[in-house]
Every structure is written in C-alpha cells, then in structure tokens.
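Trainee: My structure is in input.cif, and what it holds is mmCIF, C-alpha atoms:
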data_data
loop_
_atom_site.group_PDB
_atom_site.id
_atom_site.type_symbol
_atom_site.label_atom_id
_atom_site.label_comp_id
_atom_site.auth_asym_id
_atom_site.auth_seq_id
_atom_site.Cartn_x
_atom_site.Cartn_y
_atom_site.Cartn_z
ATOM 1 C CA MET P 240 -16.229 -2.382 -3.535
ATOM 2 C CA ALA P 241 -15.679 0.509 -1.160
ATOM 3 C CA ARG P 242 -17.217 -1.623 1.563
ATOM 4 C CA ALA P 243 -14.860 -4.484 0.731
ATOM 5 C CA LEU P 244 -11.912 -2.115 1.048
ATOM 6 C CA LEU P 245 -13.211 -0.608 4.258
ATOM 7 C CA GLU P 246 -13.685 -4.052 5.789
ATOM 8 C CA MET P 247 -10.028 -4.884 5.263
ATOM 9 C CA PRO P 248 -7.537 -4.517 8.071
ATOM 10 C CA ASP P 249 -5.831 -1.126 7.928
ATOM 11 C CA PHE P 250 -2.474 -2.624 6.962
ATOM 12 C CA GLN P 251 -4.002 -4.338 3.902
ATOM 13 C CA ARG P 252 -6.036 -1.325 2.790
ATOM 14 C CA GLU P 253 -2.914 0.783 3.190
ATOM 15 C CA VAL P 254 -0.921 -1.195 0.620
ATOM 16 C CA VAL P 255 -3.848 -1.246 -1.839
ATOM 17 C CA VAL P 256 -4.176 2.531 -1.631
ATOM 18 C CA LEU P 257 -0.437 3.146 -1.863
ATOM 19 C CA ARG P 258 -0.027 0.669 -4.758
ATOM 20 C CA CYS P 259 -3.158 1.377 -6.816
ATOM 21 C CA SER P 260 -3.891 5.005 -5.986
ATOM 22 C CA ARG P 261 -0.477 6.501 -5.284
ATOM 23 C CA GLU P 262 1.263 4.024 -7.600
ATOM 24 C CA LEU P 263 4.159 3.537 -5.240
ATOM 25 C CA SER P 264 6.513 0.625 -5.895
ATOM 26 C CA PHE P 265 6.726 -2.111 -3.293
ATOM 27 C CA ALA P 266 10.117 -0.749 -2.222
ATOM 28 C CA GLU P 267 8.560 2.673 -1.680
ATOM 29 C CA ILE P 268 5.582 1.177 0.156
ATOM 30 C CA ALA P 269 8.007 -0.687 2.398
ATOM 31 C CA GLU P 270 9.846 2.536 3.153
ATOM 32 C CA VAL P 271 6.691 4.513 3.880
ATOM 33 C CA THR P 272 5.065 1.849 6.040
ATOM 34 C CA GLY P 273 8.238 0.734 7.815
ATOM 35 C CA VAL P 274 7.933 -2.947 6.906
ATOM 36 C CA PRO P 275 10.194 -5.157 4.754
ATOM 37 C CA PRO P 276 9.330 -5.239 1.020
ATOM 38 C CA GLY P 277 8.356 -8.895 1.299
ATOM 39 C CA THR P 278 5.798 -8.018 3.955
ATOM 40 C CA ALA P 279 4.382 -5.254 1.761
ATOM 41 C CA LYS P 280 3.981 -7.729 -1.108
ATOM 42 C CA ALA P 281 2.410 -10.356 1.133
ATOM 43 C CA ARG P 282 -0.076 -7.814 2.475
ATOM 44 C CA PHE P 283 -0.971 -6.716 -1.036
ATOM 45 C CA HIS P 284 -1.474 -10.306 -2.136
ATOM 46 C CA ARG P 285 -3.699 -11.050 0.857
ATOM 47 C CA ALA P 286 -5.682 -7.898 0.071
ATOM 48 C CA VAL P 287 -6.176 -9.094 -3.519
ATOM 49 C CA VAL P 288 -7.366 -12.473 -2.269
ATOM 50 C CA ALA P 289 -9.722 -10.791 0.207
ATOM 51 C CA LEU P 290 -11.107 -8.447 -2.460
ATOM 52 C CA LYS P 291 -11.642 -11.314 -4.844
ATOM 53 C CA ARG P 292 -13.420 -13.345 -2.201
ATOM 54 C CA ALA P 293 -15.567 -10.443 -0.988
ATOM 55 C CA LEU P 294 -16.583 -9.197 -4.417
ATOM 56 C CA GLY P 295 -17.030 -12.693 -5.776
ATOM 57 C CA GLU P 296 -19.404 -13.526 -2.950
ATOM 58 C CA ARG P 297 -21.343 -10.332 -3.639
ATOM 59 C CA GLY P 298 -21.820 -11.133 -7.303
ATOM 60 C CA GLY P 299 -18.875 -9.268 -8.762
ATOM 61 C CA THR P 300 -17.903 -9.789 -12.345
ATOM 62 C CA ARG P 301 -15.405 -12.415 -13.292
ATOM 63 C CA MET Y 63 12.383 -24.274 -12.897
ATOM 64 C CA SER Y 64 10.588 -24.207 -9.570
ATOM 65 C CA HIS Y 65 7.625 -21.897 -9.185
ATOM 66 C CA PRO Y 66 8.471 -18.237 -8.581
ATOM 67 C CA THR Y 67 7.461 -16.808 -5.231
ATOM 68 C CA THR Y 68 4.335 -14.695 -4.928
ATOM 69 C CA GLY Y 69 6.599 -11.695 -4.435
ATOM 70 C CA GLU Y 70 8.407 -12.391 -7.707
ATOM 71 C CA LEU Y 71 5.089 -12.760 -9.528
ATOM 72 C CA LEU Y 72 3.885 -9.451 -8.083
ATOM 73 C CA GLU Y 73 7.133 -7.772 -9.151
ATOM 74 C CA LEU Y 74 6.767 -9.219 -12.656
ATOM 75 C CA HIS Y 75 3.179 -8.028 -12.938
ATOM 76 C CA PHE Y 76 4.027 -4.497 -11.834
ATOM 77 C CA GLY Y 77 7.208 -4.260 -13.888
ATOM 78 C CA GLU Y 78 9.516 -4.362 -10.877
ATOM 79 C CA ALA Y 79 11.147 -7.730 -11.519
ATOM 80 C CA ASP Y 80 14.913 -8.033 -11.518
ATOM 81 C CA PRO Y 81 15.929 -7.558 -15.185
ATOM 82 C CA LEU Y 82 18.131 -10.642 -14.940
ATOM 83 C CA ARG Y 83 15.162 -12.757 -13.840
ATOM 84 C CA ARG Y 84 12.408 -11.135 -15.891
ATOM 85 C CA ASP Y 85 12.707 -13.268 -19.012
ATOM 86 C CA GLY Y 86 12.875 -16.494 -17.023
ATOM 87 C CA LEU Y 87 9.866 -15.495 -14.953
ATOM 88 C CA SER Y 88 7.871 -14.545 -18.032
ATOM 89 C CA THR Y 89 8.708 -17.818 -19.719
ATOM 90 C CA HIS Y 90 7.675 -19.770 -16.640
ATOM 91 C CA VAL Y 91 4.412 -17.877 -16.224
ATOM 92 C CA GLY Y 92 3.621 -18.370 -19.900
ATOM 93 C CA GLY Y 93 3.699 -22.114 -19.439
ATOM 94 C CA CYS Y 94 2.349 -22.431 -15.910
ATOM 95 C CA ALA Y 95 -1.383 -22.069 -15.359
ATOM 96 C CA ALA Y 96 -0.993 -21.851 -11.587
ATOM 97 C CA CYS Y 97 1.382 -18.889 -11.758
ATOM 98 C CA ARG Y 98 -0.600 -17.278 -14.567
ATOM 99 C CA ALA Y 99 -3.664 -17.394 -12.313
ATOM 100 C CA LEU Y 100 -2.101 -14.883 -9.925
ATOM 101 C CA GLY Y 101 -1.465 -12.472 -12.790
ATOM 102 C CA GLU Y 102 -5.074 -12.897 -13.866
ATOM 103 C CA ASP Y 103 -6.209 -12.187 -10.302
ATOM 104 C CA LEU Y 104 -4.138 -9.011 -10.272
ATOM 105 C CA GLU Y 105 -5.567 -7.908 -13.617
ATOM 106 C CA TRP Y 106 -9.057 -8.632 -12.332
ATOM 107 C CA THR Y 107 -8.387 -6.634 -9.162
ATOM 108 C CA GLU Y 108 -7.091 -3.650 -11.102
ATOM 109 C CA ARG Y 109 -10.055 -3.820 -13.452
ATOM 110 C CA VAL Y 110 -12.537 -4.026 -10.581
ATOM 111 C CA LEU Y 111 -10.838 -1.163 -8.745
ATOM 112 C CA ALA Y 112 -11.009 0.900 -11.909
ATOM 113 C CA THR Y 113 -14.569 0.136 -12.922
ATOM 114 C CA GLY Y 114 -16.398 -1.331 -9.938
ATOM 115 C CA PRO Y 115 -17.825 -4.835 -9.660
ATOM 116 C CA ASP Y 116 -21.107 -4.071 -11.387
ATOM 117 C CA ASP Y 117 -21.853 -4.232 -15.069
ATOM 118 C CA ALA Y 118 -22.436 -0.494 -15.161
ATOM 119 C CA PRO Y 119 -19.069 0.984 -14.233
ATOM 120 C CA PRO Y 120 -19.034 4.228 -12.274
ATOM 121 C CA ALA Y 121 -17.699 7.106 -14.279
ATOM 122 C CA ASP Y 122 -14.824 7.838 -11.948
ATOM 123 C CA GLY Y 123 -14.151 4.291 -10.677
ATOM 124 C CA LEU Y 124 -10.936 3.988 -8.764
ATOM 125 C CA ALA Y 125 -10.478 7.647 -7.944
ATOM 126 C CA ARG Y 126 -13.901 7.945 -6.335
ATOM 127 C CA VAL Y 127 -13.688 4.694 -4.391
ATOM 128 C CA LEU Y 128 -10.166 5.217 -3.141
ATOM 129 C CA ALA Y 129 -10.897 8.834 -2.264
ATOM 130 C CA ARG Y 130 -13.819 7.613 -0.188
ATOM 131 C CA VAL Y 131 -11.717 4.923 1.445
ATOM 132 C CA GLU Y 132 -8.903 7.328 2.185
ATOM 133 C CA ALA Y 133 -11.327 9.887 3.583
ATOM 134 C CA SER Y 134 -13.281 7.510 5.789
ATOM 135 C CA GLY Y 135 -10.571 5.103 6.833
ATOM 136 C CA PRO Y 136 -7.223 6.496 5.942
ATOM 137 C CA ALA Y 137 -4.381 4.079 5.505
ATOM 138 C CA ARG Y 138 -2.587 4.841 8.712
ATOM 139 C CA ARG Y 139 1.126 4.986 8.274
ATOM 140 C CA ARG Y 140 3.296 3.433 10.880
ATOM 141 C CA PRO Y 141 6.183 5.647 11.849
ATOM 142 C CA SER Y 142 9.283 5.037 9.805
ATOM 143 C CA PRO Y 143 12.264 3.455 11.577
ATOM 144 C CA ARG Y 144 13.896 6.896 11.777
ATOM 145 C CA LEU Y 145 10.793 8.365 13.336
ATOM 146 C CA ARG Y 146 10.426 5.432 15.723
ATOM 147 C CA ALA Y 147 14.005 5.990 16.804
ATOM 148 C CA ALA Y 148 13.281 9.662 17.399
ATOM 149 C CA LEU Y 149 10.132 9.077 19.437
ATOM 150 C CA PRO Y 150 11.827 8.143 22.734
ATOM 151 C CA CYS Y 151 14.013 11.271 22.474
ATOM 152 C CA ALA Y 152 10.976 13.416 21.800
ATOM 153 C CA ALA Y 153 9.122 11.825 24.694
ATOM 154 C CA ALA Y 154 12.056 12.424 27.022
ATOM 155 C CA LEU Y 155 12.304 16.013 25.842
ATOM 156 C CA LEU Y 156 8.628 16.535 26.484
ATOM 157 C CA ALA Y 157 8.758 14.926 29.905
ATOM 158 C CA GLY Y 158 11.793 16.939 30.925
ATOM 159 C CA SER Y 159 10.332 20.150 29.638
ATOM 160 C CA ALA Y 160 7.055 19.526 31.423
ATOM 161 C CA ALA Y 161 8.913 18.963 34.671
ATOM 162 C CA VAL Y 162 10.916 22.165 34.354
ATOM 163 C CA LEU Y 163 8.383 24.445 32.836
ATOM 164 C CA GLN Y 164 4.926 25.150 34.075
ATOM 165 C CA GLY Y 165 1.610 25.916 32.373
ATOM 166 C CA GLY Y 166 1.700 27.773 29.079
ATOM 167 C CA ALA Y 167 5.389 27.315 28.361
ATOM 168 C CA ALA Y 168 5.140 23.516 28.610
ATOM 169 C CA ALA Y 169 1.990 23.476 26.511
ATOM 170 C CA ALA Y 170 3.669 25.590 23.849
ATOM 171 C CA LEU Y 171 6.664 23.266 23.772
ATOM 172 C CA ALA Y 172 4.403 20.199 23.544
ATOM 173 C CA PHE Y 173 2.489 21.808 20.690
ATOM 174 C CA PHE Y 174 5.755 22.525 18.877
ATOM 175 C CA ALA Y 175 7.008 18.956 19.424
ATOM 176 C CA VAL Y 176 3.786 17.366 18.177
ATOM 177 C CA GLY Y 177 3.841 19.581 15.105
ATOM 178 C CA SER Y 178 7.418 18.579 14.398
ATOM 179 C CA LEU Y 179 6.579 14.885 14.724
ATOM 180 C CA LEU Y 180 3.625 15.206 12.371
ATOM 181 C CA THR Y 181 5.851 16.923 9.821
ATOM 182 C CA LEU Y 182 8.430 14.152 10.163
ATOM 183 C CA SER Y 183 5.784 11.479 9.737
ATOM 184 C CA ILE Y 184 4.635 12.733 6.335
ATOM 185 C CA ALA Y 185 8.082 13.735 5.109
ATOM 186 C CA PRO Y 186 8.884 10.330 3.528
ATOM 187 C CA VAL Y 187 5.692 10.414 1.475
ATOM 188 C CA LEU Y 188 6.334 13.967 0.337
ATOM 189 C CA ILE Y 189 9.910 13.092 -0.614
ATOM 190 C CA LEU Y 190 8.859 9.972 -2.520
ATOM 191 C CA GLU Y 191 6.131 11.767 -4.422
ATOM 192 C CA SER Y 192 8.514 14.618 -5.215
ATOM 193 C CA GLN Y 193 11.067 12.138 -6.538
ATOM 194 C CA ARG Y 194 8.417 10.411 -8.620
ATOM 195 C CA ARG Y 195 7.292 13.682 -10.170
ATOM 196 C CA SER Y 196 10.841 14.645 -11.033
ATOM 197 C CA ARG Y 197 11.443 11.342 -12.896
#
Would you mind writing the file's structure down as structure tokens?
Mentor:
Amino acid sequence: MARALLEMPDFQREVVVLRCSRELSFAEIAEVTGVPPGTAKARFHRAVVALKRALGERGGTR
Amino acid sequence: MSHPTTGELLELHFGEADPLRRDGLSTHVGGCAACRALGEDLEWTERVLATGPDDAPPADGLARVLARVEASGPARRRPSPRLRAALPCAAALLAGSAAVLQGGAAAALAFFAVGSLLTLSIAPVLILESQRRSR
C-alpha cells in the first residue's frame, strides 16, 4: 500500500495524507494547497481510483 | 433527481454536505447503485488505509504507512495565494539587498528572508490544526 501511495503524483498523495492522516476538510485542504475545493475533491477521488486499481491488481482485499 | 456530482458524494461521505442537501443526497444514494458504489469505494479505501491490503493487518496500519509516505515523499505544499503574492516582493527585496550589500551582510539577509518564507509557508497548517484542536 505504501508503494501505491508513493507511486501517486505528489498532488494526489498530498490530498490523501491531508484528508486521511490530518483529517482536514476539503475546504481546509483547498486552503492549504492553494487550489479550489472542487480540485481538491477531484484529486482525492482520482487518488481513490488509483489506489483501488493498484491494490486490486496486486491482490488486495475486496 | 439527477445524479449528485462526485464532489457532493465525497462531501456526503465525509459529513461535509450542505445540510439543506444532505437528506436529498442520502435518499438518492440509498436508491442508486451507481452513486452508492462511490461510497463503497471510499469505505474500502479507508479500510485498506487503516489495515493494509493483506489478510493480516499491520498493527499500526494507517499511521505507519502514512508516516512512511510523509517521511519518504512528503506531500509538498504549494504556496498559498498570499505567499505566492509575497514571493515577488521577497525576491525583489533579496535582489536589491544583494546589489547594495556585499558578502556576509547579503548572505545574512538572504538567510533571514528564506527563514521568514518557510515560516509563512507552514503558518496556514499550524493555524488550521490549532483551530481544529480548539474546537
């Protein structure tokens, strides 16, 4: 899983860390990263899709 | 009702949905397999982040993985709009100072300016986390 996170583009990993580790809201993530809230949400969603694809391909549970 | 946007579904999942829209969104998701699938993906992601993808979950799951990710490839923060606005001024100040001053004085000023910028760059995070703790 760490590898899947590390393989993400920085801007996707950033929102995953801020959302899941720091538990920032999307509004707060937008403020910290300097992007609109919609962009923060889109990046998070793409990160979820990428994680699902990467871990699914590596035999993750589902 | 048309399908909610991905952003609205994310807000609903994380409890950030507009209170006026929350009930309508929940009702829609309850009856829409396509929209429910995103919520299930989010739950799966949170579960995997917390326990790892293997059957034997690591004891410290998310904390260990994210600590490793943050340590090895930190989520680089782009400068905030305020900081970006301040950068040209800081650059001009540095350039002017370097032209006027020589050697150690210019280096000292540059060191001070860089330190100030670094402080500014982490200030929003410190403020947000302080606000969160005080809630």
Trainee: Identify every residue of chain P that has at least one atom within 7 Å of any atom of chain Y, counting all atoms listed in the file, and report the result as a list in words.
Mentor: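 Listing them in order of chain and number gives Met240, Ala241, Leu245, Asp249, Arg252, Glu253, Val256, Ser260, Val271, Thr272, Gly273, Gly277, Lys280, Val287, Leu294, Gly299 and Thr300 of chain P.
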Trainee: Any chance you could export the current selection's C-alpha atoms as a JSON list (two decimals), in the coordinates of the input?
Mentor:
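The result, stored in selection.json:
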[["chain", "number", "residue", "atom", "x", "y", "z"],
["P", 240, "MET", "CA", -16.23, -2.38, -3.54],
["P", 241, "ALA", "CA", -15.68, 0.51, -1.16],
["P", 245, "LEU", "CA", -13.21, -0.61, 4.26],
["P", 249, "ASP", "CA", -5.83, -1.13, 7.93],
["P", 252, "ARG", "CA", -6.04, -1.32, 2.79],
["P", 253, "GLU", "CA", -2.91, 0.78, 3.19],
["P", 256, "VAL", "CA", -4.18, 2.53, -1.63],
["P", 260, "SER", "CA", -3.89, 5.00, -5.99],
["P", 271, "VAL", "CA", 6.69, 4.51, 3.88],
["P", 272, "THR", "CA", 5.07, 1.85, 6.04],
["P", 273, "GLY", "CA", 8.24, 0.73, 7.82],
["P", 277, "GLY", "CA", 8.36, -8.90, 1.30],
["P", 280, "LYS", "CA", 3.98, -7.73, -1.11],
["P", 287, "VAL", "CA", -6.18, -9.09, -3.52],
["P", 294, "LEU", "CA", -16.58, -9.20, -4.42],
["P", 299, "GLY", "CA", -18.88, -9.27, -8.76],
["P", 300, "THR", "CA", -17.90, -9.79, -12.34]]
Trainee: Which is closest to Ile268 in chain P among P:Arg285, P:Arg292, P:Val254, P:Ala243, if we use only C-alpha atoms?
Mentor: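 Between P:Arg285, P:Arg292, P:Val254, P:Ala243, the residue approaching Ile268 in chain P most closely is P:Val254.
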Trainee: Rounded to one decimal, what separation in Å do you get between CA of Arg98 in chain Y and CA of Glu270 in chain P?
Mentor: 28.6 Å
Trainee: What separation in Å, quoted to one decimal, exists between CA of Arg282 in chain P and CA of Gly101 in chain Y?
Mentor: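 The value is 16.0 Å.
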Trainee: Do you have the CA of Ser88 in chain Y-CA of Ala286 in chain P distance handy?
Mentor: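 For CA of Ser88 in chain Y relative to CA of Ala286 in chain P, the distance reads 23.6 Å.
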Trainee: Taking (5.8, -2.0, -4.2) as a centre in this file's frame and 7 Å as the limit, can you find every polymer residue with an atom that close, using only C-alpha atoms, and give them as a PDB file with C-alpha atoms, in the frame of the given file?
Mentor:
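Contents of selection_32.pdb, as written:
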ATOM      1  CA  ARG P 258      -0.027   0.669  -4.758  1.00  0.00           C
ATOM      2  CA  LEU P 263       4.159   3.537  -5.240  1.00  0.00           C
ATOM      3  CA  SER P 264       6.513   0.625  -5.895  1.00  0.00           C
ATOM      4  CA  PHE P 265       6.726  -2.111  -3.293  1.00  0.00           C
ATOM      5  CA  ALA P 266      10.117  -0.749  -2.222  1.00  0.00           C
ATOM      6  CA  GLU P 267       8.560   2.673  -1.680  1.00  0.00           C
ATOM      7  CA  ILE P 268       5.582   1.177   0.156  1.00  0.00           C
ATOM      8  CA  ALA P 279       4.382  -5.254   1.761  1.00  0.00           C
ATOM      9  CA  LYS P 280       3.981  -7.729  -1.108  1.00  0.00           C
TER      10      LYS P 280
END
